[in-house]
Structures are given as C-alpha cells and as structure tokens.
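final_21.cif follows; it contains mmCIF, C-alpha atoms.
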data_structure
loop_
_atom_site.label_atom_id
_atom_site.label_comp_id
_atom_site.auth_asym_id
_atom_site.auth_seq_id
_atom_site.Cartn_x
_atom_site.Cartn_y
_atom_site.Cartn_z
CA MET D 1 218.15 -34.26 100.70
CA SER D 2 218.41 -35.52 104.26
CA SER D 3 215.35 -36.95 105.99
CA LYS D 4 215.60 -34.30 108.72
CA LYS D 5 215.51 -31.46 106.20
CA LYS D 6 212.69 -33.13 104.30
CA SER D 7 210.71 -33.45 107.52
CA LYS D 8 211.15 -29.72 108.26
CA ILE D 9 209.89 -28.83 104.78
CA GLU D 10 206.82 -31.02 105.24
CA VAL D 11 206.07 -29.43 108.60
CA ALA D 12 206.47 -25.97 107.05
CA PHE D 13 203.95 -26.82 104.31
CA ILE D 14 201.53 -28.17 106.92
CA TYR D 15 201.71 -24.94 108.92
CA LEU D 16 201.34 -22.90 105.71
CA PHE D 17 198.23 -24.87 104.77
CA ILE D 18 196.77 -24.37 108.28
CA LEU D 19 197.47 -20.63 108.03
CA VAL D 20 195.75 -20.35 104.65
CA MET D 21 192.71 -22.27 105.95
CA PHE D 22 192.62 -20.06 109.04
CA ILE D 23 192.55 -16.94 106.87
CA ILE D 24 189.84 -18.34 104.58
CA ILE D 25 187.65 -19.33 107.53
CA GLY D 26 188.52 -16.49 109.89
CA TYR D 27 188.25 -13.50 107.53
CA PRO D 28 184.46 -13.68 106.98
CA LEU D 29 183.92 -14.15 110.72
CA PHE D 30 186.17 -11.18 111.50
CA TRP D 31 184.40 -9.06 108.89
CA ALA D 32 180.98 -9.94 110.37
CA LEU D 33 182.22 -9.07 113.86
CA MET D 34 183.60 -5.70 112.72
CA MET D 35 180.44 -4.97 110.76
CA SER D 36 178.35 -5.58 113.88
CA VAL D 37 180.18 -2.81 115.77
CA ASN D 38 180.17 -0.32 112.90
CA PRO D 39 177.91 2.71 113.32
CA GLY D 40 175.17 3.05 110.73
CA SER D 41 173.42 0.24 108.92
CA ASN D 42 174.70 0.14 105.33
CA MET D 43 177.20 -2.57 104.42
CA LEU D 44 178.76 -0.48 101.66
CA VAL D 45 180.03 2.23 104.03
CA THR D 46 181.21 -0.03 106.86
CA GLU D 47 184.90 -0.15 107.75
CA LEU D 48 186.98 -3.23 108.50
CA PHE D 49 188.42 -1.38 111.51
CA PRO D 50 185.73 1.10 112.61
CA SER D 51 187.00 4.36 114.03
CA ASN D 52 183.98 4.68 116.35
CA PRO D 53 182.89 1.15 117.32
CA THR D 54 179.52 0.84 118.97
CA LEU D 55 177.30 -1.81 120.52
CA GLU D 56 174.08 -0.06 119.54
CA HIS D 57 173.10 -2.85 117.13
CA TYR D 58 173.33 -5.49 119.86
CA LYS D 59 171.32 -3.23 122.15
CA TRP D 60 168.68 -2.71 119.45
CA LEU D 61 168.21 -6.47 119.03
CA PHE D 62 167.26 -6.91 122.68
CA THR D 63 165.48 -3.64 123.51
CA SER D 64 163.73 -2.36 120.40
CA PRO D 65 159.95 -3.01 120.22
CA ASN D 66 160.39 -3.52 116.46
CA SER D 67 162.79 -6.42 117.01
CA ASN D 68 161.57 -9.99 117.45
CA TYR D 69 165.11 -11.23 117.97
CA LEU D 70 164.54 -12.59 121.48
CA LEU D 71 161.44 -14.46 120.32
CA TRP D 72 163.34 -15.97 117.37
CA TYR D 73 166.19 -16.89 119.70
CA LYS D 74 163.79 -18.63 122.07
CA ASN D 75 162.17 -20.54 119.18
CA SER D 76 165.54 -21.68 117.83
CA LEU D 77 166.80 -22.66 121.27
CA TYR D 78 163.63 -24.62 122.03
CA ILE D 79 163.79 -26.51 118.73
CA ALA D 80 167.54 -27.15 119.14
CA VAL D 81 167.19 -28.62 122.65
CA VAL D 82 164.23 -30.84 121.71
CA ASN D 83 165.96 -31.93 118.51
CA SER D 84 169.22 -32.70 120.29
CA VAL D 85 167.71 -34.68 123.17
CA GLY D 86 165.10 -36.39 121.01
CA SER D 87 167.66 -37.35 118.38
CA VAL D 88 169.94 -38.96 120.96
CA ILE D 89 167.09 -41.01 122.45
CA ILE D 90 165.52 -42.11 119.16
CA THR D 91 168.81 -42.75 117.39
CA SER D 92 170.35 -44.75 120.24
CA LEU D 93 167.28 -47.00 120.54
CA ILE D 94 167.18 -47.68 116.79
CA ALA D 95 170.95 -48.23 116.61
CA TYR D 96 170.84 -50.63 119.57
CA ALA D 97 168.12 -52.67 117.90
CA PHE D 98 170.07 -52.95 114.65
CA SER D 99 173.33 -53.68 116.46
CA ARG D 100 172.20 -56.29 118.97
CA TYR D 101 168.93 -57.83 117.70
CA LYS D 102 168.44 -60.32 114.89
CA PHE D 103 165.14 -59.82 113.07
CA ILE D 104 163.59 -60.12 109.63
CA GLY D 105 164.39 -57.11 107.47
CA ARG D 106 167.42 -56.01 109.51
CA LYS D 107 169.83 -56.22 106.57
CA TYR D 108 167.53 -54.39 104.16
CA GLY D 109 166.69 -51.83 106.80
CA LEU D 110 170.36 -50.90 107.02
CA TYR D 111 170.54 -50.72 103.24
CA MET D 112 167.52 -48.38 103.29
CA PHE D 113 169.28 -46.09 105.79
CA LEU D 114 172.32 -46.01 103.51
CA LEU D 115 170.18 -45.37 100.43
CA LEU D 116 168.26 -42.50 102.03
CA GLN D 117 171.52 -40.68 102.72
CA MET D 118 172.25 -40.52 98.99
CA PHE D 119 169.35 -38.17 98.24
CA PRO D 120 169.44 -34.47 99.21
CA ALA D 121 166.78 -33.23 101.60
CA LEU D 122 165.66 -30.70 98.98
CA MET D 123 164.02 -33.52 97.00
CA GLY D 124 161.49 -34.15 99.76
CA MET D 125 160.52 -30.57 100.59
CA VAL D 126 157.26 -30.58 98.64
CA ALA D 127 156.24 -33.96 100.09
CA LEU D 128 157.10 -32.79 103.61
CA TYR D 129 155.02 -29.66 103.19
CA ILE D 130 152.04 -31.68 101.93
CA LEU D 131 152.43 -34.07 104.86
CA LEU D 132 152.48 -31.24 107.42
CA ASN D 133 149.53 -29.56 105.72
CA THR D 134 147.57 -32.84 105.87
CA ILE D 135 148.09 -33.24 109.62
CA GLY D 136 147.64 -29.51 110.32
CA LEU D 137 151.20 -28.73 111.41
CA THR D 138 152.19 -26.11 108.84
CA ASP D 139 153.43 -22.86 110.38
CA SER D 140 154.11 -24.76 113.60
CA LEU D 141 157.28 -25.32 115.57
CA TYR D 142 156.07 -28.85 116.32
CA GLY D 143 155.85 -29.64 112.63
CA LEU D 144 159.37 -28.35 112.11
CA MET D 145 160.66 -30.43 115.03
CA LEU D 146 158.90 -33.50 113.66
CA ILE D 147 160.75 -33.17 110.37
CA TYR D 148 164.09 -32.60 112.11
CA LEU D 149 163.63 -35.64 114.35
CA GLY D 150 162.58 -37.89 111.51
CA GLY D 151 165.07 -36.61 108.98
CA GLN D 152 168.11 -37.26 111.16
CA ILE D 153 167.35 -40.95 111.74
CA PRO D 154 169.05 -42.58 108.69
CA PHE D 155 172.47 -40.94 109.04
CA ASN D 156 172.66 -40.90 112.84
CA ALA D 157 171.31 -44.45 113.25
CA TRP D 158 173.90 -45.75 110.80
CA LEU D 159 176.63 -43.80 112.60
CA VAL D 160 175.69 -44.91 116.13
CA LYS D 161 175.02 -48.49 115.03
CA GLY D 162 178.59 -48.74 113.76
CA TYR D 163 179.81 -47.44 117.11
CA PHE D 164 177.68 -49.93 119.06
CA ASP D 165 179.15 -52.75 116.94
CA THR D 166 182.62 -51.92 118.31
CA ILE D 167 181.50 -52.44 121.92
CA PRO D 168 182.33 -56.05 122.88
CA LYS D 169 179.29 -58.29 123.08
CA GLU D 170 180.97 -60.06 126.00
CA LEU D 171 179.81 -57.13 128.15
CA ASP D 172 176.20 -57.87 127.19
CA GLU D 173 176.62 -61.55 127.95
CA ALA D 174 178.16 -60.79 131.34
CA ALA D 175 175.24 -58.51 132.18
CA LYS D 176 172.73 -61.18 131.13
CA ILE D 177 174.40 -63.66 133.45
CA ASP D 178 173.84 -61.17 136.28
CA GLY D 179 170.16 -61.02 135.34
CA ALA D 180 170.08 -57.83 133.25
CA GLY D 181 167.53 -57.60 130.46
CA HIS D 182 167.88 -55.76 127.16
CA LEU D 183 166.61 -52.45 128.53
CA LYS D 184 168.90 -52.49 131.57
CA ASN D 185 171.82 -53.54 129.39
CA PHE D 186 171.05 -50.63 127.07
CA TRP D 187 170.91 -48.00 129.85
CA THR D 188 173.72 -49.26 132.10
CA ILE D 189 176.28 -50.55 129.60
CA MET D 190 175.72 -49.35 126.05
CA LEU D 191 174.85 -45.71 126.69
CA PRO D 192 177.71 -44.97 129.12
CA LEU D 193 180.25 -46.51 126.72
CA ALA D 194 178.76 -44.69 123.73
CA LYS D 195 178.97 -41.19 125.23
CA PRO D 196 181.49 -39.93 122.63
CA ILE D 197 179.32 -40.74 119.60
CA LEU D 198 176.14 -39.65 121.35
CA ALA D 199 177.81 -36.34 122.17
CA VAL D 200 178.58 -35.88 118.46
CA VAL D 201 174.95 -36.64 117.58
CA ALA D 202 173.71 -34.22 120.24
CA LEU D 203 176.02 -31.44 119.07
CA PHE D 204 175.22 -31.77 115.36
CA ASN D 205 171.48 -31.91 115.96
CA PHE D 206 171.67 -28.94 118.33
CA MET D 207 173.43 -26.91 115.65
CA ALA D 208 171.04 -27.79 112.82
CA PRO D 209 168.06 -25.52 113.74
CA PHE D 210 170.38 -22.52 114.14
CA MET D 211 171.97 -23.07 110.71
CA ASP D 212 169.03 -24.27 108.63
CA PHE D 213 167.16 -21.73 106.54
CA LEU D 214 165.42 -23.60 103.73
CA LEU D 215 163.16 -25.86 105.79
CA PRO D 216 161.88 -23.11 108.14
CA ARG D 217 161.36 -20.91 105.07
CA ILE D 218 158.99 -23.51 103.61
CA VAL D 219 157.20 -24.55 106.82
CA LEU D 220 156.91 -21.31 108.81
CA THR D 221 154.99 -18.21 107.73
CA SER D 222 154.20 -16.30 110.95
CA PRO D 223 156.95 -13.97 112.23
CA SER D 224 156.19 -15.15 115.79
CA ASN D 225 157.27 -18.68 114.78
CA PHE D 226 160.41 -17.74 112.89
CA THR D 227 163.77 -19.23 113.78
CA LEU D 228 166.91 -17.10 113.91
CA ALA D 229 168.06 -17.90 110.40
CA LEU D 230 164.68 -17.05 108.91
CA GLY D 231 164.14 -13.98 111.08
CA LEU D 232 167.56 -12.50 110.36
CA TYR D 233 167.00 -13.05 106.66
CA ASN D 234 164.08 -10.61 106.82
CA PHE D 235 166.48 -7.89 108.01
CA ILE D 236 168.02 -7.76 104.54
CA ASN D 237 165.32 -9.38 102.41
CA ASP D 238 163.47 -6.24 101.40
CA GLN D 239 164.72 -4.32 98.39
CA PHE D 240 165.31 -1.18 100.43
CA SER D 241 166.51 -2.83 103.65
CA THR D 242 169.89 -1.65 104.95
CA ASN D 243 170.02 -3.53 108.26
CA PHE D 244 173.26 -5.30 107.44
CA THR D 245 174.98 -4.28 110.66
CA ARG D 246 172.06 -5.52 112.75
CA PHE D 247 172.05 -8.69 110.68
CA ALA D 248 175.76 -9.15 111.46
CA ALA D 249 175.19 -8.57 115.18
CA GLY D 250 172.40 -11.13 115.28
CA SER D 251 174.50 -13.63 113.35
CA ILE D 252 177.43 -13.31 115.74
CA LEU D 253 175.20 -14.10 118.73
CA ILE D 254 174.07 -17.38 117.14
CA ALA D 255 177.48 -18.84 117.98
CA VAL D 256 177.01 -18.38 121.74
CA PRO D 257 174.75 -21.39 122.56
CA ILE D 258 176.62 -23.61 120.07
CA ALA D 259 179.94 -22.76 121.72
CA LEU D 260 178.50 -23.44 125.18
CA VAL D 261 177.16 -26.85 124.15
CA PHE D 262 180.49 -27.70 122.53
CA LEU D 263 182.35 -26.82 125.72
CA LEU D 264 179.85 -28.85 127.75
CA LEU D 265 180.32 -31.95 125.57
CA GLN D 266 184.02 -31.50 124.87
CA ARG D 267 185.27 -34.08 127.34
CA TYR D 268 183.00 -36.70 125.77
CA LEU D 269 183.97 -35.76 122.23
CA ILE D 270 187.65 -36.43 122.90
CA SER D 271 187.25 -39.42 125.19
CA GLY D 272 188.18 -42.94 124.18
CA LEU D 273 185.99 -45.36 122.26
CA THR D 274 185.09 -47.59 125.19
CA SER D 275 186.85 -45.88 128.08
CA GLY D 276 186.29 -47.61 131.36
CA ALA D 277 184.98 -50.83 129.82
CA THR D 278 187.80 -52.93 131.24
CA LYS D 279 188.02 -51.34 134.68
CA GLY D 280 187.82 -53.76 137.58
#
This structure in structure tokens:
Amino acid sequence: MSSKKKSKIEVAFIYLFILVMFIIIGYPLFWALMMSVNPGSNMLVTELFPSNPTLEHYKWLFTSPNSNYLLWYKNSLYIAVVNSVGSVIITSLIAYAFSRYKFIGRKYGLYMFLLLQMFPALMGMVALYILLNTIGLTDSLYGLMLIYLGGQIPFNAWLVKGYFDTIPKELDEAAKIDGAGHLKNFWTIMLPLAKPILAVVALFNFMAPFMDFLLPRIVLTSPSNFTLALGLYNFINDQFSTNFTRFAAGSILIAVPIALVFLLLQRYLISGLTSGATKG
C-alpha cells in the first residue's frame, strides 16, 4: 500500500472518529433543546422534532411568580464571578511564591498539592459541612464560595506554578536591575506573560458553580440561596413532578454565560506561551 493511500485512510478514520464523537456529544444537547420547545411538560410525550414548537417554557422561567429561576441565576452568576476572579488572584500569588521563592517546606508543599489531587472531593464533604456549621456559614453563599476558593488551590496552583517555571528568570533579573521588587515584577512581568494559563483557570472556575450539584446540595437548604443546578433539580425531584420541558429550558440557558466568558477569553486561550517576551 502506498504512503499516499495509507495517509488518506488515516485521515478518513480521523474524520469518522470526530463524527462519532460529535454525535455522542451533540445528540443529548439537541434532545434537550428540542424538549425545551415542546408544548406540554411530560418527557414521555415530547417529540424530537415538535410539530408546534413554543417558547412558553422560557417565558415561564422569567415571568412566573412560582419560578425562582432569575434568583438562582443571579446566585450562580455571583458565585461564578467571585470564584473566577478570586481563584486567579489567589492561585497566581501562591504559584509565584512556589516558582520564584526559596523557602523551608517548599518541596513538601508541592508534594502536598500533588497528594491532595489524588483524593476525590466527596471524601471531605462531611468535614466541610462541619467546618461551615462551626463558623456559622451553612446555608450561605459565602460558605459555598469559601469552599470553592479553597478547594481549587492545589490543582490550579500546581498548574500555574508549572507555567511560571517556563517563563525565563532572566526577565526577573532584568527587572531587578531596573529597581523592580517582587510585587512589581509579579504584576508587570509574570501576570502579562501568564495570561493564557490564567484564562484557563478563570474559565474553569467560572464554569464550576454552574455545573456543580453535590456541594450546593449539602451546604444550601433555603430555596432563595439555591444555585441553578440545585434549583433546576427541584423541578423534577418530586415524585409527581413533570416539569421536564421547563428543566430542559433552564438547562439550555446555563450555557449562555459560559459561552460568553469563553469568547471573551478565547484570544488568551490560544495565544503563545510567552508571547511578547522578546519584543524590543
């Protein structure tokens, strides 16, 4: 078999694999979208291609007095923004310290970060609940944000620290010669060059509160404090609930802020590792 023919076969298999993955990923999303525009509320009688599509379920989410959807959306958006911004600030400071400073316990601190990533978050749920109950932050958005901010440190700090290590230390030394201290070096050199990895951290931590269900389920009890995942779950939680079409409509709208943040950070996500470091 010629190399040209072999190459065509390989390309064909690659496209076939991409098509299969697209179907596996896209079909549930398409089904949820079609369910959200189906009249009625029962999942068992919905059609994949509804003959009379309607937007009444979307309208109900925003206008019905029985719907707390806007409140849940606001809660999730608030937690996501605080978690995203806070994670970038905390993670970058910790990663900079581990990347550029030499101090006692640095090596074992990195090992601890690596070790903590090996255990699932589910193992600490009881301890986290007891901790929040002790400090009076159960059923509180602030308690939930505290856990998110603290829980992301090991993985993100390890990730960003590895990125900081790739930035030449000669840049730091040149800045020190010009009179820059550690803080100025951090803000003017490290952060601008680390925009790609910080954008990844910001995006992942923005997405987490919209996707997470288990932690809000344990921490939050008041409907006024529910996040979207927890609030939408109550649409179909009851034995006799048939709000599947409203559930689908609410689920589809979760993707809107995530898509906007992705588009906002896209140019940083695809930029080079240290773009602009050698200019001038």
#### Entry: Best match for closeness to Asp212 in chain D among D:Ser76, D:Gln117, D:Ile236, D:Val160, counting only C-alpha atoms
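Counting only C-alpha atoms, the residue closest to Asp212 in chain D is D:Ser76.
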### Message
Given the point (179.8, -11.9, 107.7) in the coordinates of this file, which residues lie within 10 Å, counting only C-alpha atoms, and how would they look as a ChimeraX atom specification?
### Response
/D:27-36,244-245,247-249,251-252
### Task
Report the distance between CA of Leu115 in chain D and CA of Met190 in chain D in Å, rounded to one decimal place.
26.5 Å
### Task
Rank nothing, just name the residue among D:Val219, D:Pro154, D:Phe103, D:Gly181 nearest to Met118 in chain D, using only C-alpha atoms.
D:Pro154
### Query
On this structure, which residues satisfy the PyMOL selection byres ((chain D and resi 129) around 12), written as a list in words?
Leu122, Met123, Gly124, Met125, Val126, Ala127, Leu128, Ile130, Leu131, Leu132, Asn133, Thr134, Ile135, Gly136, Leu137, Thr138, Asp139, Ser140, Gly143, Leu144, Leu146, Ile147, Leu215, Pro216, Arg217, Ile218, Val219 and Leu220 of chain D
#### Entry: Non-local contacts of Phe98 in chain D (7 Å; all atoms listed in the file; under 4 positions in same chain excluded) as a PyMOL selection string
chain D and resi 94+106+161
